[in-house]
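Source file: model12.txt; contents: compact mmCIF, C-alpha atoms.
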```txt
# COMPACT_ATOMS: atom_id res chain seq x y z
CA MET D 7 34.26 -119.52 -121.99
CA ARG D 8 32.30 -116.48 -123.23
CA ASP D 9 29.43 -117.21 -120.84
CA GLU D 10 31.82 -117.23 -117.92
CA ALA D 11 33.24 -113.88 -118.96
CA LEU D 12 29.75 -112.35 -118.98
CA LYS D 13 28.95 -113.48 -115.47
CA ASN D 14 29.86 -110.97 -112.83
CA SER D 15 30.44 -111.63 -109.17
CA GLY D 16 26.78 -110.96 -108.29
CA LYS D 17 24.40 -113.63 -107.11
CA ALA D 18 21.77 -115.13 -109.35
CA LEU D 19 18.67 -112.96 -109.63
CA ASP D 20 15.23 -113.50 -108.19
CA GLU D 21 12.15 -111.32 -108.72
CA ASN D 22 13.01 -108.85 -105.91
CA SER D 23 16.61 -108.34 -106.99
CA LEU D 24 15.53 -107.93 -110.61
CA GLN D 25 13.03 -105.27 -109.55
CA GLU D 26 15.73 -103.51 -107.50
CA LEU D 27 17.99 -103.47 -110.56
CA ALA D 28 15.17 -102.03 -112.65
CA LEU D 29 14.38 -99.34 -110.08
CA ARG D 30 18.02 -98.32 -109.83
CA TYR D 31 18.28 -98.19 -113.63
CA VAL D 32 15.20 -95.98 -114.15
CA SER D 33 16.24 -93.71 -111.28
CA ARG D 34 19.64 -93.08 -112.86
CA TYR D 35 18.83 -92.91 -116.58
CA ALA D 36 16.13 -91.48 -118.79
CA THR D 37 15.02 -94.61 -120.56
CA THR D 38 12.34 -96.26 -122.66
CA ARG D 39 10.39 -99.47 -122.22
CA HIS D 40 12.52 -101.11 -124.89
CA LYS D 41 15.82 -100.09 -123.27
CA LEU D 42 14.70 -101.24 -119.83
CA LYS D 43 13.66 -104.62 -121.22
CA SER D 44 17.02 -104.99 -122.95
CA TYR D 45 18.84 -104.09 -119.74
CA LEU D 46 16.87 -106.59 -117.65
CA PHE D 47 17.35 -109.42 -120.15
CA ARG D 48 21.07 -108.67 -120.30
CA LYS D 49 21.26 -108.87 -116.49
CA LEU D 50 19.39 -112.17 -116.57
CA ARG D 51 21.88 -113.56 -119.08
CA GLU D 52 24.83 -112.34 -117.02
CA ARG D 53 23.64 -113.49 -113.60
CA ASP D 54 21.15 -116.30 -114.23
CA TRP D 55 17.80 -116.80 -112.54
CA SER D 56 17.29 -118.33 -109.12
CA GLY D 57 13.68 -117.34 -108.59
CA ASP D 58 10.43 -119.20 -109.04
CA ARG D 59 10.12 -120.85 -112.47
CA SER D 60 6.28 -120.95 -112.45
CA GLY D 61 5.93 -118.31 -115.22
CA SER D 62 8.08 -117.31 -118.12
CA LEU D 63 10.80 -114.74 -117.58
CA GLU D 64 9.66 -112.83 -120.66
CA GLU D 65 6.17 -112.36 -119.21
CA MET D 66 7.59 -111.30 -115.85
CA VAL D 67 9.91 -108.72 -117.41
CA GLU D 68 7.13 -107.44 -119.67
CA THR D 69 4.78 -107.08 -116.68
CA MET D 70 7.45 -105.27 -114.67
CA VAL D 71 8.18 -102.85 -117.51
CA GLU D 72 4.49 -102.13 -118.07
CA ARG D 73 4.01 -101.53 -114.33
CA PHE D 74 6.93 -99.07 -114.31
CA SER D 75 5.35 -97.32 -117.28
CA GLU D 76 1.96 -97.09 -115.53
CA LEU D 77 3.64 -95.67 -112.43
CA GLY D 78 5.30 -93.00 -114.56
CA TYR D 79 8.87 -94.19 -114.05
CA ILE D 80 9.14 -94.61 -117.82
CA ASP D 81 7.49 -92.29 -120.33
CA ASP D 82 8.40 -93.08 -123.93
CA ALA D 83 6.63 -90.00 -125.33
CA LEU D 84 8.49 -87.66 -122.96
CA PHE D 85 11.79 -89.44 -123.71
CA ALA D 86 11.15 -89.01 -127.44
CA LYS D 87 10.31 -85.33 -127.07
CA ASN D 88 13.43 -84.67 -124.99
CA ARG D 89 15.65 -86.59 -127.41
CA ALA D 90 14.20 -84.69 -130.38
CA ALA D 91 14.76 -81.36 -128.63
CA ALA D 92 18.35 -82.27 -127.77
CA LEU D 93 19.16 -83.40 -131.31
CA THR D 94 17.57 -80.39 -133.01
CA ASN D 95 19.37 -78.05 -130.61
CA ARG D 96 22.62 -79.70 -131.72
CA GLY D 97 21.74 -79.09 -135.37
CA TYR D 98 20.37 -82.45 -136.50
CA GLY D 99 17.41 -82.82 -138.87
CA LYS D 100 14.21 -84.84 -138.79
CA ARG D 101 15.63 -87.98 -140.42
CA ARG D 102 18.37 -88.16 -137.80
CA VAL D 103 15.79 -87.64 -135.02
CA THR D 104 13.61 -90.40 -136.50
CA GLN D 105 16.60 -92.74 -136.59
CA ALA D 106 17.50 -92.00 -132.96
CA LEU D 107 13.92 -92.65 -131.82
CA TYR D 108 13.84 -95.93 -133.73
CA GLN D 109 17.11 -97.03 -132.09
CA ALA D 110 15.70 -96.16 -128.67
CA GLY D 111 12.68 -98.40 -129.34
CA ILE D 112 10.08 -95.63 -129.43
CA GLU D 113 6.84 -96.91 -130.90
CA GLU D 114 4.92 -95.08 -133.58
CA GLY D 115 2.29 -93.39 -131.38
CA ASP D 116 4.82 -92.13 -128.85
CA ASP D 117 6.95 -90.31 -131.41
CA ARG D 118 4.30 -87.90 -132.75
CA GLN D 119 5.17 -84.88 -130.55
CA ALA D 120 8.88 -85.43 -131.07
CA LEU D 121 8.55 -85.48 -134.84
CA ASP D 122 6.30 -82.42 -134.79
CA LEU D 123 8.95 -80.65 -132.72
CA SER D 124 11.70 -81.56 -135.18
CA ASP D 125 9.50 -80.31 -138.06
CA ALA D 126 8.91 -77.00 -136.28
CA ARG D 127 12.61 -76.52 -135.54
CA GLN D 128 14.06 -77.79 -138.82
CA TRP D 129 15.20 -74.36 -140.01
CA ASP D 130 16.83 -73.45 -136.69
CA ALA D 131 18.53 -76.87 -136.58
CA ALA D 132 19.93 -76.37 -140.09
CA ARG D 133 21.17 -72.90 -139.18
CA THR D 134 22.85 -74.31 -136.06
CA TYR D 135 24.49 -77.08 -138.08
CA ALA D 136 25.77 -74.64 -140.71
CA ARG D 137 27.13 -72.31 -138.02
CA LYS D 138 28.90 -75.14 -136.16
CA LYS D 139 30.49 -76.48 -139.35
CA SER D 140 31.23 -73.03 -140.91
CA ILE D 141 29.15 -73.79 -143.98
CA GLY D 142 27.69 -71.30 -146.46
CA PRO D 143 26.84 -67.98 -144.81
CA PHE D 144 29.03 -68.86 -141.82
CA ALA D 145 32.13 -69.69 -143.88
CA GLN D 146 35.16 -67.40 -144.07
CA GLU D 147 35.53 -67.79 -147.84
CA PRO D 148 33.47 -69.27 -150.68
CA ALA D 149 33.76 -73.03 -151.06
CA ASP D 150 34.84 -74.70 -154.26
CA GLN D 151 32.65 -77.27 -156.02
CA ASP D 152 34.25 -80.31 -154.33
CA ARG D 153 33.95 -78.76 -150.88
CA CYS D 154 30.30 -77.84 -151.54
CA ARG D 155 29.57 -81.44 -152.50
CA LYS D 156 31.14 -82.70 -149.27
CA GLN D 157 29.28 -80.13 -147.19
CA LEU D 158 26.01 -81.08 -148.85
CA GLN D 159 26.64 -84.76 -148.08
CA ALA D 160 27.41 -83.89 -144.45
CA PHE D 161 24.17 -81.90 -144.22
CA LEU D 162 22.21 -84.84 -145.59
CA ARG D 163 23.89 -87.28 -143.16
CA ALA D 164 22.86 -84.93 -140.35
CA GLY D 165 19.25 -85.61 -141.35
CA HIS D 166 18.32 -82.42 -143.21
CA SER D 167 16.32 -82.27 -146.42
CA PHE D 168 18.11 -81.61 -149.69
CA ASP D 169 16.24 -78.33 -150.18
CA ILE D 170 17.31 -76.85 -146.86
CA ALA D 171 20.84 -78.24 -147.11
CA SER D 172 21.44 -76.82 -150.58
CA ARG D 173 20.20 -73.37 -149.54
CA PHE D 174 22.84 -73.22 -146.82
CA VAL D 175 25.67 -74.92 -148.69
CA PHE D 176 25.41 -72.77 -151.82
CA ALA D 177 24.98 -69.48 -149.94
CA LYS D 178 27.83 -67.01 -150.07
CA PRO D 179 29.72 -66.13 -146.86
CA GLY D 180 27.80 -63.52 -144.89
CA GLU D 181 24.66 -63.91 -147.01
CA GLU D 182 21.39 -63.72 -145.11
CA ILE D 183 19.13 -66.74 -145.71
CA ASP D 184 15.41 -66.54 -144.99
CA ALA D 185 13.40 -69.53 -143.85
CA GLU D 186 10.86 -68.97 -146.62
CA VAL D 187 11.77 -68.85 -150.31
```
Please render this file's structure as structure tokens.
Amino acid sequence: MRDEALKNSGKALDENSLQELALRYVSRYATTRHKLKSYLFRKLRERDWSGDRSGSLEEMVETMVERFSELGYIDDALFAKNRAAALTNRGYGKRRVTQALYQAGIEEGDDRQALDLSDARQWDAARTYARKKSIGPFAQEPADQDRCRKQLQAFLRAGHSFDIASRFVFAKPGEEIDAEV
């Protein structure tokens, strides 16, 4: 019953139709090799395979994804850098960036520039987060101990280090905080 619900009205896939799906996907979305593979395998599960069975589907999908990467349709390092920039601009810290890159399937070598970027922008990201959440120097009034604890936990969940988070959380409203101690 569940398998029938997954199948859509489309015809079973062959190599050309699978490649067309992949091209349409990479033209519409910024993606990674991992996400494209997942998409193609999901489509194969939903619509079945009607093509030649001479090779394994896994090898064919892997070859297609690698070819797209060589052609420049997919660039994991650029995706990682853009994701890191977007997250730090929204106020998230390095741990949160690392988690997002892991979930996107970015491999260790491709994440170097992105992690360097999040390191370089960690102070600005923390300032943005504090401003958005009205924490510390951006608050209207001093926070009590319980509220400070909750704000500190929120800062840590956003991926910031304890040192940076505590400097913002325990600052008085309107206080100027320098990046260096």
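For the residues D:Gly111, D:Gly97, D:Pro143, D:Asp58, ranking by smallest atom-to-atom distance to Ala160 (chain D) using all atoms listed in the file places D:Gly97 first.
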Produce a table with one row for each residue of region 131-187 of chain D that has an atom at most 12 Å from any atom of region 79-93 of chain D, each row naming the nearest atom pair and its distance in Å at one decimal; use all atoms listed in the file; arrange rows by chain and rising residue number; format as a Markdown table.
```
| residue | atom | partner | partner_atom | distance |
| --- | --- | --- | --- | --- |
| D:Ala131 | CA | D:Leu93 | CA | 8.4 |
| D:Ala132 | CA | D:Leu93 | CA | 11.3 |
| D:Thr134 | CA | D:Leu93 | CA | 10.9 |
| D:Tyr135 | CA | D:Leu93 | CA | 10.7 |
| D:Ala164 | CA | D:Leu93 | CA | 9.9 |
| D:Gly165 | CA | D:Leu93 | CA | 10.3 |
| D:His166 | CA | D:Leu93 | CA | 12.0 |
```
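Residue nearest Gly99 (chain D), chosen from D:Ile141, D:Cys154, D:Ala185, D:Ala171 and counting all atoms listed in the file: D:Ala171.
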Quiz item: From the set D:Gly180, D:Ala149, D:Arg163, D:Asp125, which residue has the shortest atom-to-atom contact distance to Gln105 (chain D), counting all atoms listed in the file?
Solution: D:Arg163
Quiz item: CA of Val175 (chain D) to CA of Gly142 (chain D): how many Å, to one decimal?
Solution: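 CA of Gly142 (chain D) lies 4.7 Å from CA of Val175 (chain D).
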Quiz item: Which is closest to Ser172 (chain D) among D:Ser23, D:Glu52, D:Ala145, D:Ala136, if we use all atoms listed in the file?
Solution: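 Checking each candidate against Ser172 (chain D), we get D:Ala136 as the closest.
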Quiz item: D:Val71, D:Ala126, D:Leu162, D:Leu63: which is nearest Arg51 (chain D), counting only C-alpha atoms?
Solution: D:Leu63
Self-check item: Nearest-residue call for Thr69 (chain D), choices D:Ile112, D:Leu27, D:Asp54, D:Glu21, using all atoms listed in the file
Solution: D:Glu21
Self-check item: All residues 12 Å or closer to Glu72 (chain D), all atoms listed in the file, same chain fewer than 2 positions away omitted, as a PyMOL selection string
Solution: chain D and resi 28+38-40+42-43+65-70+74-82
Write only N, CA and C atoms for region 83-107 of chain D from the block just shown, as a PDB file, in the first residue's frame.
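Generated output (result31.pdb):
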```
ATOM      1  N   ALA D  83      32.043  22.798  -2.658  1.00  0.00           N
ATOM      2  CA  ALA D  83      32.791  23.819  -1.916  1.00  0.00           C
ATOM      3  C   ALA D  83      32.075  25.173  -1.996  1.00  0.00           C
ATOM      4  N   LEU D  84      31.573  25.525  -3.170  1.00  0.00           N
ATOM      5  CA  LEU D  84      30.848  26.785  -3.323  1.00  0.00           C
ATOM      6  C   LEU D  84      29.537  26.745  -2.546  1.00  0.00           C
ATOM      7  N   PHE D  85      28.840  25.612  -2.590  1.00  0.00           N
ATOM      8  CA  PHE D  85      27.605  25.449  -1.819  1.00  0.00           C
ATOM      9  C   PHE D  85      27.893  25.651  -0.338  1.00  0.00           C
ATOM     10  N   ALA D  86      28.969  25.036   0.152  1.00  0.00           N
ATOM     11  CA  ALA D  86      29.330  25.143   1.566  1.00  0.00           C
ATOM     12  C   ALA D  86      29.649  26.581   1.943  1.00  0.00           C
ATOM     13  N   LYS D  87      30.381  27.265   1.101  1.00  0.00           N
ATOM     14  CA  LYS D  87      30.751  28.652   1.376  1.00  0.00           C
ATOM     15  C   LYS D  87      29.505  29.537   1.414  1.00  0.00           C
ATOM     16  N   ASN D  88      28.605  29.341   0.470  1.00  0.00           N
ATOM     17  CA  ASN D  88      27.373  30.134   0.440  1.00  0.00           C
ATOM     18  C   ASN D  88      26.484  29.832   1.639  1.00  0.00           C
ATOM     19  N   ARG D  89      26.390  28.575   2.023  1.00  0.00           N
ATOM     20  CA  ARG D  89      25.581  28.202   3.186  1.00  0.00           C
ATOM     21  C   ARG D  89      26.163  28.804   4.463  1.00  0.00           C
ATOM     22  N   ALA D  90      27.497  28.754   4.585  1.00  0.00           N
ATOM     23  CA  ALA D  90      28.146  29.332   5.763  1.00  0.00           C
ATOM     24  C   ALA D  90      27.921  30.840   5.820  1.00  0.00           C
ATOM     25  N   ALA D  91      28.027  31.515   4.690  1.00  0.00           N
ATOM     26  CA  ALA D  91      27.799  32.958   4.657  1.00  0.00           C
ATOM     27  C   ALA D  91      26.355  33.288   5.044  1.00  0.00           C
ATOM     28  N   ALA D  92      25.416  32.529   4.526  1.00  0.00           N
ATOM     29  CA  ALA D  92      24.002  32.775   4.837  1.00  0.00           C
ATOM     30  C   ALA D  92      23.723  32.564   6.326  1.00  0.00           C
ATOM     31  N   LEU D  93      24.256  31.503   6.881  1.00  0.00           N
ATOM     32  CA  LEU D  93      24.005  31.216   8.300  1.00  0.00           C
ATOM     33  C   LEU D  93      24.676  32.228   9.221  1.00  0.00           C
ATOM     34  N   THR D  94      25.904  32.618   8.914  1.00  0.00           N
ATOM     35  CA  THR D  94      26.575  33.603   9.770  1.00  0.00           C
ATOM     36  C   THR D  94      25.904  34.966   9.645  1.00  0.00           C
ATOM     37  N   ASN D  95      25.411  35.304   8.470  1.00  0.00           N
ATOM     38  CA  ASN D  95      24.683  36.567   8.310  1.00  0.00           C
ATOM     39  C   ASN D  95      23.393  36.574   9.123  1.00  0.00           C
ATOM     40  N   ARG D  96      22.822  35.404   9.348  1.00  0.00           N
ATOM     41  CA  ARG D  96      21.605  35.291  10.160  1.00  0.00           C
ATOM     42  C   ARG D  96      21.912  35.178  11.650  1.00  0.00           C
ATOM     43  N   GLY D  97      23.196  35.127  12.010  1.00  0.00           N
ATOM     44  CA  GLY D  97      23.574  35.133  13.418  1.00  0.00           C
ATOM     45  C   GLY D  97      23.940  33.776  13.998  1.00  0.00           C
ATOM     46  N   TYR D  98      24.163  32.784  13.180  1.00  0.00           N
ATOM     47  CA  TYR D  98      24.507  31.460  13.691  1.00  0.00           C
ATOM     48  C   TYR D  98      26.015  31.270  13.757  1.00  0.00           C
ATOM     49  N   GLY D  99      26.458  30.467  14.725  1.00  0.00           N
ATOM     50  CA  GLY D  99      27.870  30.237  14.980  1.00  0.00           C
ATOM     51  C   GLY D  99      28.435  29.050  14.213  1.00  0.00           C
ATOM     52  N   LYS D 100      29.717  28.803  14.458  1.00  0.00           N
ATOM     53  CA  LYS D 100      30.453  27.782  13.709  1.00  0.00           C
ATOM     54  C   LYS D 100      29.888  26.382  13.899  1.00  0.00           C
ATOM     55  N   ARG D 101      29.489  26.024  15.113  1.00  0.00           N
ATOM     56  CA  ARG D 101      28.947  24.678  15.326  1.00  0.00           C
ATOM     57  C   ARG D 101      27.673  24.473  14.519  1.00  0.00           C
ATOM     58  N   ARG D 102      26.847  25.478  14.430  1.00  0.00           N
ATOM     59  CA  ARG D 102      25.610  25.370  13.661  1.00  0.00           C
ATOM     60  C   ARG D 102      25.919  25.273  12.163  1.00  0.00           C
ATOM     61  N   VAL D 103      26.925  26.007  11.700  1.00  0.00           N
ATOM     62  CA  VAL D 103      27.359  25.931  10.304  1.00  0.00           C
ATOM     63  C   VAL D 103      27.884  24.534  10.004  1.00  0.00           C
ATOM     64  N   THR D 104      28.711  24.000  10.903  1.00  0.00           N
ATOM     65  CA  THR D 104      29.266  22.654  10.725  1.00  0.00           C
ATOM     66  C   THR D 104      28.148  21.622  10.628  1.00  0.00           C
ATOM     67  N   GLN D 105      27.150  21.759  11.473  1.00  0.00           N
ATOM     68  CA  GLN D 105      26.012  20.838  11.455  1.00  0.00           C
ATOM     69  C   GLN D 105      25.246  20.933  10.134  1.00  0.00           C
ATOM     70  N   ALA D 106      25.026  22.124   9.639  1.00  0.00           N
ATOM     71  CA  ALA D 106      24.306  22.306   8.381  1.00  0.00           C
ATOM     72  C   ALA D 106      25.081  21.707   7.204  1.00  0.00           C
ATOM     73  N   LEU D 107      26.397  21.859   7.223  1.00  0.00           N
ATOM     74  CA  LEU D 107      27.219  21.300   6.146  1.00  0.00           C
ATOM     75  C   LEU D 107      27.215  19.776   6.198  1.00  0.00           C
TER      76      LEU D 107
END
```
